[in-house]
>>> print(open('protein_26.txt').read())   # compact mmCIF, C-alpha atoms
# COMPACT_ATOMS: atom_id res chain seq x y z
CA MET A 1 -42.60 103.51 -6.40
CA SER A 2 -44.41 100.96 -4.32
CA LYS A 3 -47.62 99.51 -5.72
CA ARG A 4 -48.61 98.24 -2.28
CA LYS A 5 -52.25 98.82 -1.44
CA PRO A 6 -53.26 96.26 1.20
CA TYR A 7 -56.98 95.49 1.09
CA VAL A 8 -58.67 95.17 4.50
CA ARG A 9 -61.84 93.07 4.53
CA LYS A 10 -64.55 94.31 6.88
CA MET A 11 -66.19 91.63 9.03
CA GLY A 12 -69.66 93.20 9.07
CA SER A 13 -72.40 92.43 11.57
CA THR A 14 -73.28 89.06 9.96
CA TRP A 15 -69.81 87.52 10.34
CA TRP A 16 -71.15 84.86 12.70
CA THR A 17 -73.57 83.48 10.08
CA LYS A 18 -70.82 82.58 7.63
CA ASN A 19 -69.22 79.74 9.56
CA ASN A 20 -71.01 76.99 11.52
CA PHE A 21 -68.50 77.09 14.37
CA HIS A 22 -69.03 80.84 14.82
CA THR A 23 -72.82 80.42 14.57
CA MET A 24 -72.82 77.83 17.36
CA TYR A 25 -70.60 80.14 19.44
CA ILE A 26 -73.17 82.92 19.14
CA VAL A 27 -76.00 80.46 19.95
CA ARG A 28 -74.04 79.56 23.10
CA GLU A 29 -73.53 83.21 24.05
CA LEU A 30 -77.15 84.22 23.32
CA SER A 31 -78.32 81.81 26.04
CA SER A 32 -77.25 84.56 28.43
CA LEU A 33 -80.28 86.61 27.31
CA VAL A 34 -82.88 84.00 28.32
CA ILE A 35 -80.94 83.32 31.53
CA LEU A 36 -81.02 87.06 32.28
CA ALA A 37 -84.81 87.14 31.69
CA TYR A 38 -85.22 84.03 33.85
CA SER A 39 -83.20 85.63 36.66
CA VAL A 40 -85.34 88.79 36.53
CA ILE A 41 -88.53 86.68 36.78
CA LEU A 42 -86.99 84.88 39.77
CA LEU A 43 -86.13 88.23 41.40
CA PHE A 44 -89.76 89.30 40.99
CA GLY A 45 -90.69 86.04 42.73
CA LEU A 46 -88.39 86.83 45.66
CA ASN A 47 -89.87 90.30 45.89
CA ALA A 48 -93.40 88.78 45.80
CA LEU A 49 -92.39 86.44 48.64
CA ARG A 50 -91.52 89.50 50.72
CA GLY A 51 -94.95 90.96 49.92
CA GLY A 52 -96.82 88.11 51.59
CA GLU A 53 -98.69 84.96 50.59
CA ALA A 54 -101.21 86.63 48.25
CA ALA A 55 -98.49 88.42 46.28
CA PHE A 56 -96.49 85.21 45.96
CA ASP A 57 -99.52 83.22 44.83
CA ALA A 58 -100.28 85.85 42.18
CA TRP A 59 -96.67 85.65 40.89
CA PHE A 60 -96.83 81.86 40.95
CA ALA A 61 -100.14 81.83 39.07
CA GLY A 62 -98.47 83.93 36.38
CA LEU A 63 -95.95 81.14 35.87
CA THR A 64 -98.71 78.68 34.93
CA ASN A 65 -99.51 80.77 31.85
CA PRO A 66 -98.70 78.62 28.73
CA LEU A 67 -96.33 81.35 27.46
CA ALA A 68 -94.44 81.27 30.75
CA ILE A 69 -94.17 77.48 30.53
CA VAL A 70 -92.86 77.67 26.93
CA PHE A 71 -90.34 80.31 28.04
CA HIS A 72 -89.14 78.11 30.91
CA VAL A 73 -88.76 75.05 28.66
CA ILE A 74 -86.74 77.12 26.14
CA THR A 75 -84.60 78.51 28.98
CA LEU A 76 -83.97 75.01 30.35
CA LEU A 77 -82.96 73.54 26.97
CA TRP A 78 -80.81 76.55 26.04
CA THR A 79 -79.09 76.55 29.42
CA LEU A 80 -78.43 72.81 29.15
CA TYR A 81 -76.91 73.41 25.71
CA HIS A 82 -74.71 76.15 27.17
CA ALA A 83 -73.70 73.79 29.99
CA THR A 84 -72.71 70.98 27.61
CA THR A 85 -70.55 73.35 25.53
CA TRP A 86 -68.75 74.52 28.67
CA PHE A 87 -68.35 70.98 29.97
CA SER A 88 -66.67 69.99 26.72
CA LEU A 89 -64.38 73.05 26.90
CA ALA A 90 -63.61 72.69 30.63
CA PRO A 91 -60.59 70.34 30.22
CA LYS A 92 -58.83 73.11 28.28
CA ALA A 93 -58.98 75.37 31.33
CA ALA A 94 -57.91 72.65 33.78
CA ASN A 95 -54.35 71.40 33.93
CA LEU A 96 -54.83 68.75 36.63
CA TRP A 97 -52.22 66.15 37.46
CA ILE A 98 -52.25 63.10 39.72
CA GLY A 99 -48.63 62.23 40.35
CA GLU A 100 -46.92 62.02 36.97
CA ASN A 101 -50.14 61.66 34.94
CA ARG A 102 -52.43 64.37 33.62
CA VAL A 103 -56.09 63.83 34.50
CA ALA A 104 -57.76 62.74 31.24
CA ASP A 105 -60.19 65.15 29.54
CA ASN A 106 -63.10 62.69 29.76
CA VAL A 107 -62.63 62.34 33.54
CA ILE A 108 -63.00 66.12 33.95
CA THR A 109 -65.99 66.32 31.61
CA GLY A 110 -67.56 63.20 33.16
CA SER A 111 -67.17 64.64 36.68
CA LEU A 112 -69.01 67.79 35.63
CA TYR A 113 -71.91 65.73 34.22
CA ALA A 114 -71.95 63.68 37.44
CA VAL A 115 -72.16 66.86 39.56
CA LEU A 116 -74.93 68.25 37.32
CA GLY A 117 -76.83 64.95 37.57
CA GLY A 118 -76.39 64.81 41.35
CA VAL A 119 -77.52 68.41 41.91
CA THR A 120 -80.52 67.85 39.60
CA VAL A 121 -81.60 64.74 41.53
CA ILE A 122 -81.25 66.55 44.89
CA GLY A 123 -83.20 69.53 43.51
CA LEU A 124 -86.01 67.30 42.24
CA LEU A 125 -86.12 65.44 45.59
CA ILE A 126 -86.43 68.71 47.50
CA ALA A 127 -89.12 69.99 45.13
CA PHE A 128 -91.32 66.90 44.85
CA VAL A 129 -90.60 64.51 47.74
CA LEU A 130 -89.75 66.54 50.83
CA MET B 131 -58.36 59.05 -15.25
CA SER B 132 -58.43 62.45 -13.66
CA GLN B 133 -61.55 64.47 -12.96
CA VAL B 134 -61.94 68.21 -13.41
CA MET B 135 -62.85 70.54 -10.58
CA LYS B 136 -64.03 74.12 -10.81
CA VAL B 137 -61.80 76.04 -8.40
CA GLU B 138 -62.85 79.58 -7.60
CA ILE B 139 -60.14 81.91 -6.35
CA GLN B 140 -60.48 85.39 -4.95
CA ARG B 141 -58.08 87.65 -6.84
CA TYR B 142 -56.76 91.05 -5.87
CA ARG B 143 -54.22 93.00 -7.92
CA PRO B 144 -53.42 96.19 -6.00
CA GLU B 145 -52.21 98.08 -9.08
CA LEU B 146 -55.45 97.35 -10.98
CA ASP B 147 -58.29 96.50 -8.60
CA LYS B 148 -60.28 98.53 -6.12
CA GLU B 149 -61.50 95.38 -4.40
CA PRO B 150 -61.08 91.59 -4.70
CA PHE B 151 -63.04 89.65 -7.31
CA TRP B 152 -63.69 85.96 -7.98
CA GLN B 153 -62.10 84.06 -10.84
CA SER B 154 -62.85 80.47 -11.81
CA TYR B 155 -60.40 77.83 -13.09
CA ASP B 156 -60.98 74.27 -14.29
CA VAL B 157 -58.35 72.05 -12.68
CA PRO B 158 -57.87 68.37 -13.61
CA TYR B 159 -57.11 66.44 -10.44
CA THR B 160 -56.38 63.00 -9.02
CA LYS B 161 -57.16 61.93 -5.50
CA GLU B 162 -53.62 62.75 -4.33
CA MET B 163 -53.75 66.40 -5.43
CA SER B 164 -53.43 69.05 -2.72
CA VAL B 165 -54.82 72.58 -2.96
CA LEU B 166 -51.23 73.83 -3.18
CA GLU B 167 -50.61 71.57 -6.20
CA ALA B 168 -53.83 72.84 -7.77
CA LEU B 169 -52.58 76.42 -7.35
CA ALA B 170 -49.24 75.41 -8.94
CA TYR B 171 -51.15 73.88 -11.86
CA ILE B 172 -53.15 77.08 -12.32
CA LYS B 173 -50.01 79.25 -12.21
CA ASP B 174 -48.03 76.97 -14.56
CA GLU B 175 -50.74 76.07 -17.06
CA LEU B 176 -53.63 78.54 -16.87
CA ASP B 177 -52.74 81.90 -15.36
CA PRO B 178 -49.17 82.93 -14.46
CA THR B 179 -50.42 86.10 -12.74
CA LEU B 180 -51.83 84.23 -9.73
CA SER B 181 -49.87 84.92 -6.52
CA TYR B 182 -49.68 82.70 -3.44
CA ARG B 183 -47.13 81.80 -0.77
CA TRP B 184 -45.65 78.36 -0.28
CA SER B 185 -42.40 76.66 0.61
CA CYS B 186 -42.15 73.23 2.23
CA ARG B 187 -45.25 71.37 0.91
CA MET B 188 -45.32 69.35 4.15
CA ALA B 189 -47.10 71.41 6.80
CA ILE B 190 -44.04 72.64 8.64
CA CYS B 191 -43.18 76.04 7.11
CA GLY B 192 -46.59 77.61 7.74
CA SER B 193 -46.57 79.65 4.50
CA CYS B 194 -49.63 78.41 2.61
CA GLY B 195 -52.47 79.39 4.96
CA MET B 196 -55.68 80.29 3.08
CA MET B 197 -59.45 80.10 3.40
CA VAL B 198 -60.96 77.03 1.71
CA ASN B 199 -64.76 77.28 1.62
CA GLY B 200 -64.54 79.77 4.47
CA VAL B 201 -62.38 77.58 6.72
CA PRO B 202 -58.71 78.40 7.49
CA LYS B 203 -56.53 75.63 6.01
CA LEU B 204 -52.97 74.92 4.92
CA GLY B 205 -53.00 74.48 1.14
CA CYS B 206 -50.49 71.63 1.35
CA LYS B 207 -52.57 69.68 3.88
CA THR B 208 -55.94 70.07 2.12
CA PHE B 209 -56.94 67.79 -0.75
CA LEU B 210 -59.29 68.35 -3.68
CA ARG B 211 -60.83 64.89 -3.19
CA ASP B 212 -62.45 66.13 0.04
CA TYR B 213 -64.35 68.87 -1.82
CA PRO B 214 -66.49 67.07 -4.43
CA GLN B 215 -68.85 70.08 -4.51
CA GLY B 216 -65.98 72.36 -5.62
CA MET B 217 -63.96 74.88 -3.66
CA LYS B 218 -63.71 78.60 -3.13
CA ILE B 219 -60.28 79.78 -2.07
CA GLU B 220 -59.50 83.19 -0.64
CA ALA B 221 -56.72 84.88 1.28
CA LEU B 222 -56.42 84.09 4.99
CA ALA B 223 -59.18 85.97 6.84
CA ASN B 224 -58.53 88.82 9.28
CA PHE B 225 -55.29 89.87 7.54
CA PRO B 226 -54.93 92.65 4.93
CA ILE B 227 -54.60 91.21 1.39
CA GLU B 228 -51.37 92.21 -0.39
CA ARG B 229 -52.15 90.38 -3.63
CA ASP B 230 -54.41 87.41 -4.47
CA LEU B 231 -53.75 84.83 -1.71
CA VAL B 232 -50.81 86.70 -0.19
CA VAL B 233 -51.59 88.51 3.08
CA ASP B 234 -49.69 91.00 5.22
CA MET B 235 -48.76 89.16 8.43
CA SER B 236 -46.52 91.86 9.90
CA ASP B 237 -48.93 92.61 12.79
CA PHE B 238 -48.96 88.90 13.71
CA ILE B 239 -45.15 88.65 13.57
CA ALA B 240 -44.79 91.81 15.69
CA LYS B 241 -47.05 90.25 18.34
CA LEU B 242 -45.05 87.01 18.35
CA GLU B 243 -41.86 89.02 18.88
CA ALA B 244 -43.36 91.29 21.53
CA ILE B 245 -44.01 88.55 24.09
CA LYS B 246 -40.27 87.68 24.31
CA PRO B 247 -40.49 84.18 22.83
CA TYR B 248 -37.16 82.90 24.08
CA ILE B 249 -35.74 81.50 27.29
CA ILE B 250 -34.75 84.31 29.64
CA ARG B 251 -32.24 83.54 32.40
CA GLU B 252 -31.29 85.77 35.31
CA THR B 253 -27.69 84.70 34.81
CA GLU B 254 -26.61 83.29 31.46
CA GLN B 255 -25.62 79.64 31.44
CA THR B 256 -22.60 78.37 29.54
CA PRO B 257 -22.16 74.87 28.06
CA GLU B 258 -19.81 74.15 30.98
CA ASP B 259 -22.76 74.47 33.37
CA GLY B 260 -24.15 71.24 31.90
CA CYS B 261 -27.65 70.24 30.85
CA SER B 262 -30.90 71.74 32.13
CA ILE B 263 -32.78 68.66 33.22
CA GLN B 264 -36.58 68.43 32.92
CA THR B 265 -38.90 65.64 33.98
CA PRO B 266 -41.48 64.36 31.44
CA LYS B 267 -44.18 66.13 33.48
CA GLU B 268 -42.29 69.44 33.34
CA MET B 269 -41.82 69.09 29.59
CA GLU B 270 -45.50 68.23 29.08
CA GLN B 271 -46.45 71.66 30.50
CA TYR B 272 -45.23 73.39 27.33
CA ARG B 273 -44.40 70.75 24.69
CA GLN B 274 -47.55 70.98 22.54
CA PHE B 275 -47.41 74.80 22.55
CA SER B 276 -43.89 74.67 21.10
CA MET B 277 -45.23 72.85 18.00
CA CYS B 278 -46.68 76.07 16.52
CA ILE B 279 -45.51 76.81 12.95
CA ASN B 280 -46.75 80.44 12.88
CA CYS B 281 -49.08 79.82 9.94
CA GLY B 282 -51.70 82.27 11.23
CA LEU B 283 -54.70 79.95 10.78
CA CYS B 284 -55.76 80.58 14.40
CA TYR B 285 -55.82 84.36 13.75
CA ALA B 286 -58.04 83.79 10.71
CA ALA B 287 -60.34 81.67 12.92
CA CYS B 288 -60.53 84.21 15.77
CA PRO B 289 -63.45 86.68 15.60
CA GLN B 290 -61.98 88.68 18.49
CA TYR B 291 -58.82 89.37 16.46
CA GLY B 292 -60.94 90.08 13.38
CA LEU B 293 -63.05 92.62 15.27
CA ASN B 294 -60.13 94.23 17.10
CA ASP B 295 -56.57 93.62 15.96
CA LYS B 296 -55.20 95.07 19.22
CA PHE B 297 -55.95 91.63 20.72
CA MET B 298 -52.69 89.64 21.07
CA GLY B 299 -54.38 86.62 19.51
CA PRO B 300 -54.11 82.83 19.89
CA ALA B 301 -50.59 82.00 18.64
CA ALA B 302 -48.82 84.83 20.52
CA LEU B 303 -50.62 83.98 23.78
CA ALA B 304 -49.88 80.25 23.30
CA LEU B 305 -46.22 81.08 22.74
CA LEU B 306 -46.23 83.27 25.86
CA HIS B 307 -47.69 80.34 27.81
CA ARG B 308 -45.08 78.02 26.30
CA TYR B 309 -42.16 80.10 27.67
CA ASN B 310 -43.81 80.99 30.98
CA ASN B 311 -44.27 77.28 31.69
CA ASP B 312 -40.78 76.14 30.76
CA THR B 313 -38.81 75.32 33.94
CA ARG B 314 -35.63 76.64 32.26
CA ASP B 315 -37.18 80.09 31.86
CA GLU B 316 -36.93 82.89 34.45
CA GLY B 317 -38.61 85.66 32.47
CA LYS B 318 -42.23 85.21 33.53
CA GLU B 319 -42.41 88.63 35.19
CA GLU B 320 -41.39 90.36 31.96
CA ARG B 321 -44.26 88.66 30.08
CA MET B 322 -47.06 89.08 32.63
CA ALA B 323 -47.90 92.62 31.49
CA PHE B 324 -48.82 91.23 28.04
CA LEU B 325 -50.91 88.43 29.56
CA ASN B 326 -52.70 90.66 32.11
CA ALA B 327 -53.62 93.37 29.60
CA HIS B 328 -57.17 93.74 28.31
CA GLU B 329 -55.75 92.83 24.89
CA GLY B 330 -54.01 89.81 26.45
CA ALA B 331 -55.68 86.64 27.75
CA TRP B 332 -58.76 88.62 28.85
CA GLY B 333 -59.53 89.66 25.29
CA CYS B 334 -60.40 86.02 24.58
CA THR B 335 -64.06 84.98 24.88
CA PHE B 336 -63.28 81.27 24.45
CA VAL B 337 -64.76 80.75 21.01
CA GLY B 338 -62.37 77.80 20.70
CA TYR B 339 -62.19 77.81 16.89
CA CYS B 340 -58.43 78.55 17.00
CA SER B 341 -57.73 75.09 18.45
CA ASP B 342 -60.13 73.48 15.99
CA VAL B 343 -58.33 74.80 12.90
CA CYS B 344 -54.72 74.37 14.10
CA PRO B 345 -52.94 72.09 11.59
CA LYS B 346 -50.38 71.04 14.23
CA LYS B 347 -52.88 70.11 16.95
CA VAL B 348 -51.70 72.91 19.22
CA ASP B 349 -54.45 74.06 21.58
CA PRO B 350 -54.14 77.86 21.83
CA ALA B 351 -57.56 78.13 23.49
CA ALA B 352 -56.25 75.94 26.34
CA ALA B 353 -53.09 78.05 26.64
CA ILE B 354 -55.18 81.23 26.89
CA GLN B 355 -57.59 79.83 29.52
CA LEU B 356 -54.61 78.60 31.59
CA GLY B 357 -53.12 82.05 30.99
CA LYS B 358 -56.24 83.57 32.57
CA VAL B 359 -55.65 81.39 35.65
CA ASP B 360 -52.02 82.61 35.78
CA SER B 361 -53.14 86.20 35.30
CA ALA B 362 -55.75 85.96 38.07
CA LYS B 363 -53.17 84.46 40.47
CA ASP B 364 -50.75 87.24 39.55
CA TYR B 365 -53.46 89.84 40.34
CA VAL B 366 -54.22 88.35 43.78
CA ILE B 367 -50.54 88.04 44.65
CA ALA B 368 -49.98 91.67 43.62
CA MET B 369 -52.85 92.74 45.94
CA LEU B 370 -51.26 90.89 48.86
CA LYS B 371 -47.89 92.50 48.23
CA PRO B 372 -48.61 96.25 48.01
CA GLY B 373 -45.77 98.61 47.24
CA GLU B 374 -43.94 96.21 44.96
>>> encode(input="protein_26.txt", output="structure tokens")
Amino acid sequence: MSKRKPYVRKMGSTWWTKNNFHTMYIVRELSSLVILAYSVILLFGLNALRGGEAAFDAWFAGLTNPLAIVFHVITLLWTLYHATTWFSLAPKAANLWIGENRVADNVITGSLYAVLGGVTVIGLLIAFVL
Amino acid sequence: MSQVMKVEIQRYRPELDKEPFWQSYDVPYTKEMSVLEALAYIKDELDPTLSYRWSCRMAICGSCGMMVNGVPKLGCKTFLRDYPQGMKIEALANFPIERDLVVDMSDFIAKLEAIKPYIIRETEQTPEDGCSIQTPKEMEQYRQFSMCINCGLCYAACPQYGLNDKFMGPAALALLHRYNNDTRDEGKEERMAFLNAHEGAWGCTFVGYCSDVCPKKVDPAAAIQLGKVDSAKDYVIAMLKPGE
């Protein structure tokens, strides 16, 4: 008679705390929550814009609350972290060739940083100079 | 002079135990000693009841996968000198434990077989037909993915497979990509159903740990993301060609 009795280990809800790589994966994925909240705030802003100048000013005044500023700084840092993780993973999803040579990983990652830098500079120019 | 390391091993004896338990062994070691050699020392000198799998001792057979301090490793390619704080060894994660460090890999093997991991030709070629020539660029499309030794470390690293074993998993999807991208192969259509399925490439959330733990520097995460590109193209082409 067989004595086989395979033991299946359950992962449990804390599986992602047991390995640094998995923890950082969850940190990356959780950024979606603050980005969702940020998007909702922005949607309220668009709606306020439709409601006229007074409504928009009231929404904008809300953003100057210290809690709102802390939230926006956290969202910015967390989103930047998410972006850097995706930039470092991007070469895996891109099989680009020029002639007989594969485009090097650091060229792909570097291009993404260049685009991010460029868009940031243009955004800041529009916001503060124009 | 050799030092002594406390090696903790998770034991499971199906005929005796309800669940695994930890057992500690004091192993004298030199800086050349691998985990696999430490296990051999324990079995030969301390406890003959310990069970583990091994064969080649040189990271090509893929038999000695296990968790070392919670990280999937090959026992033959991991050295005691790198763990001065001691080590805890347990059976490869995400697989059922048969006994001690031996796991049941039959689900993994079935998945490898399912994706038709061989060159499929519409008409069989004979030696008289001559060589199938490939350029270096054509070979580079699949070469690294053919280096897989089926050790299962990537499955132990993958939380998606751990949470739902219906997911095809890293090695099977990398192998699928390897054959789909071989210019000698004509069987892509037969494999697309596996890739397109929810349990195929789309079951992957790009954790990326599979590629990190691979002892042969295969990049299954890359294969799966490129598989998603293939799958998306296949979907669009199917929309443009209704009735087929």
>>> interface_residues(input="protein_26.txt", of="chain B", to="chain A", cutoff="10 Å", atoms="only C-alpha atoms", output="number ranges by chain")
B: 142-150, 199-201, 223-229, 232-234, 265-268, 270-271, 287-289, 292-293, 335-339, 342, 349-359
>>> atom_distance(input="protein_26.txt", atom1="atom CA of Leu283 of chain B", atom2="atom CA of Val157 of chain B")
25.0 Å
>>> closest_atom_pairs(input="protein_26.txt", of="segment 47-68 of chain A", to="segment 32-40 of chain A", cutoff="12 Å", atoms="all atoms listed in the file", output="CSV")
residue,atom,partner,partner_atom,distance
A:Asn47,CA,A:Val40,CA,10.5
A:Leu63,CA,A:Tyr38,CA,11.3
A:Ala68,CA,A:Tyr38,CA,10.1
>>> write_last_selection(input="protein_26.txt", atoms="C-alpha atoms", output="mmCIF file, in the frame of the given file")
data_model
loop_
_atom_site.group_PDB
_atom_site.id
_atom_site.type_symbol
_atom_site.label_atom_id
_atom_site.label_comp_id
_atom_site.auth_asym_id
_atom_site.auth_seq_id
_atom_site.Cartn_x
_atom_site.Cartn_y
_atom_site.Cartn_z
ATOM 1 C CA ASN A 47 -89.870 90.300 45.890
ATOM 2 C CA LEU A 63 -95.950 81.140 35.870
ATOM 3 C CA ALA A 68 -94.440 81.270 30.750
#
>>> atom_distance(input="protein_26.txt", atom1="atom CA of Asn294 of chain B", atom2="atom CA of Ala362 of chain B")
23.0 Å
>>> residues_around(input="protein_26.txt", residues="Tyr159 of chain B", least_positions_apart="5", cutoff="12 Å", atoms="only C-alpha atoms", output="ChimeraX atom specification")
/B:131-137,164-169,171-172,209-214,216
>>> residues_around(input="protein_26.txt", residues="Trp152 of chain B", least_positions_apart="2", cutoff="9 Å", atoms="only C-alpha atoms", output="JSON, numbers by chain")
{"B": [138, 139, 140, 141, 142, 150, 154, 218, 220]}
>>> write_last_selection(input="protein_26.txt", atoms="C-alpha atoms", output="PDB file, in the frame of the given file")
ATOM      1  CA  GLU B 138     -62.850  79.580  -7.600  1.00  0.00           C
ATOM      2  CA  ILE B 139     -60.140  81.910  -6.350  1.00  0.00           C
ATOM      3  CA  GLN B 140     -60.480  85.390  -4.950  1.00  0.00           C
ATOM      4  CA  ARG B 141     -58.080  87.650  -6.840  1.00  0.00           C
ATOM      5  CA  TYR B 142     -56.760  91.050  -5.870  1.00  0.00           C
ATOM      6  CA  PRO B 150     -61.080  91.590  -4.700  1.00  0.00           C
ATOM      7  CA  SER B 154     -62.850  80.470 -11.810  1.00  0.00           C
ATOM      8  CA  LYS B 218     -63.710  78.600  -3.130  1.00  0.00           C
ATOM      9  CA  GLU B 220     -59.500  83.190  -0.640  1.00  0.00           C
TER      10      GLU B 220
END
>>> atom_distance(input="protein_26.txt", atom1="atom CA of Pro247 of chain B", atom2="atom CA of Arg308 of chain B")
8.4 Å
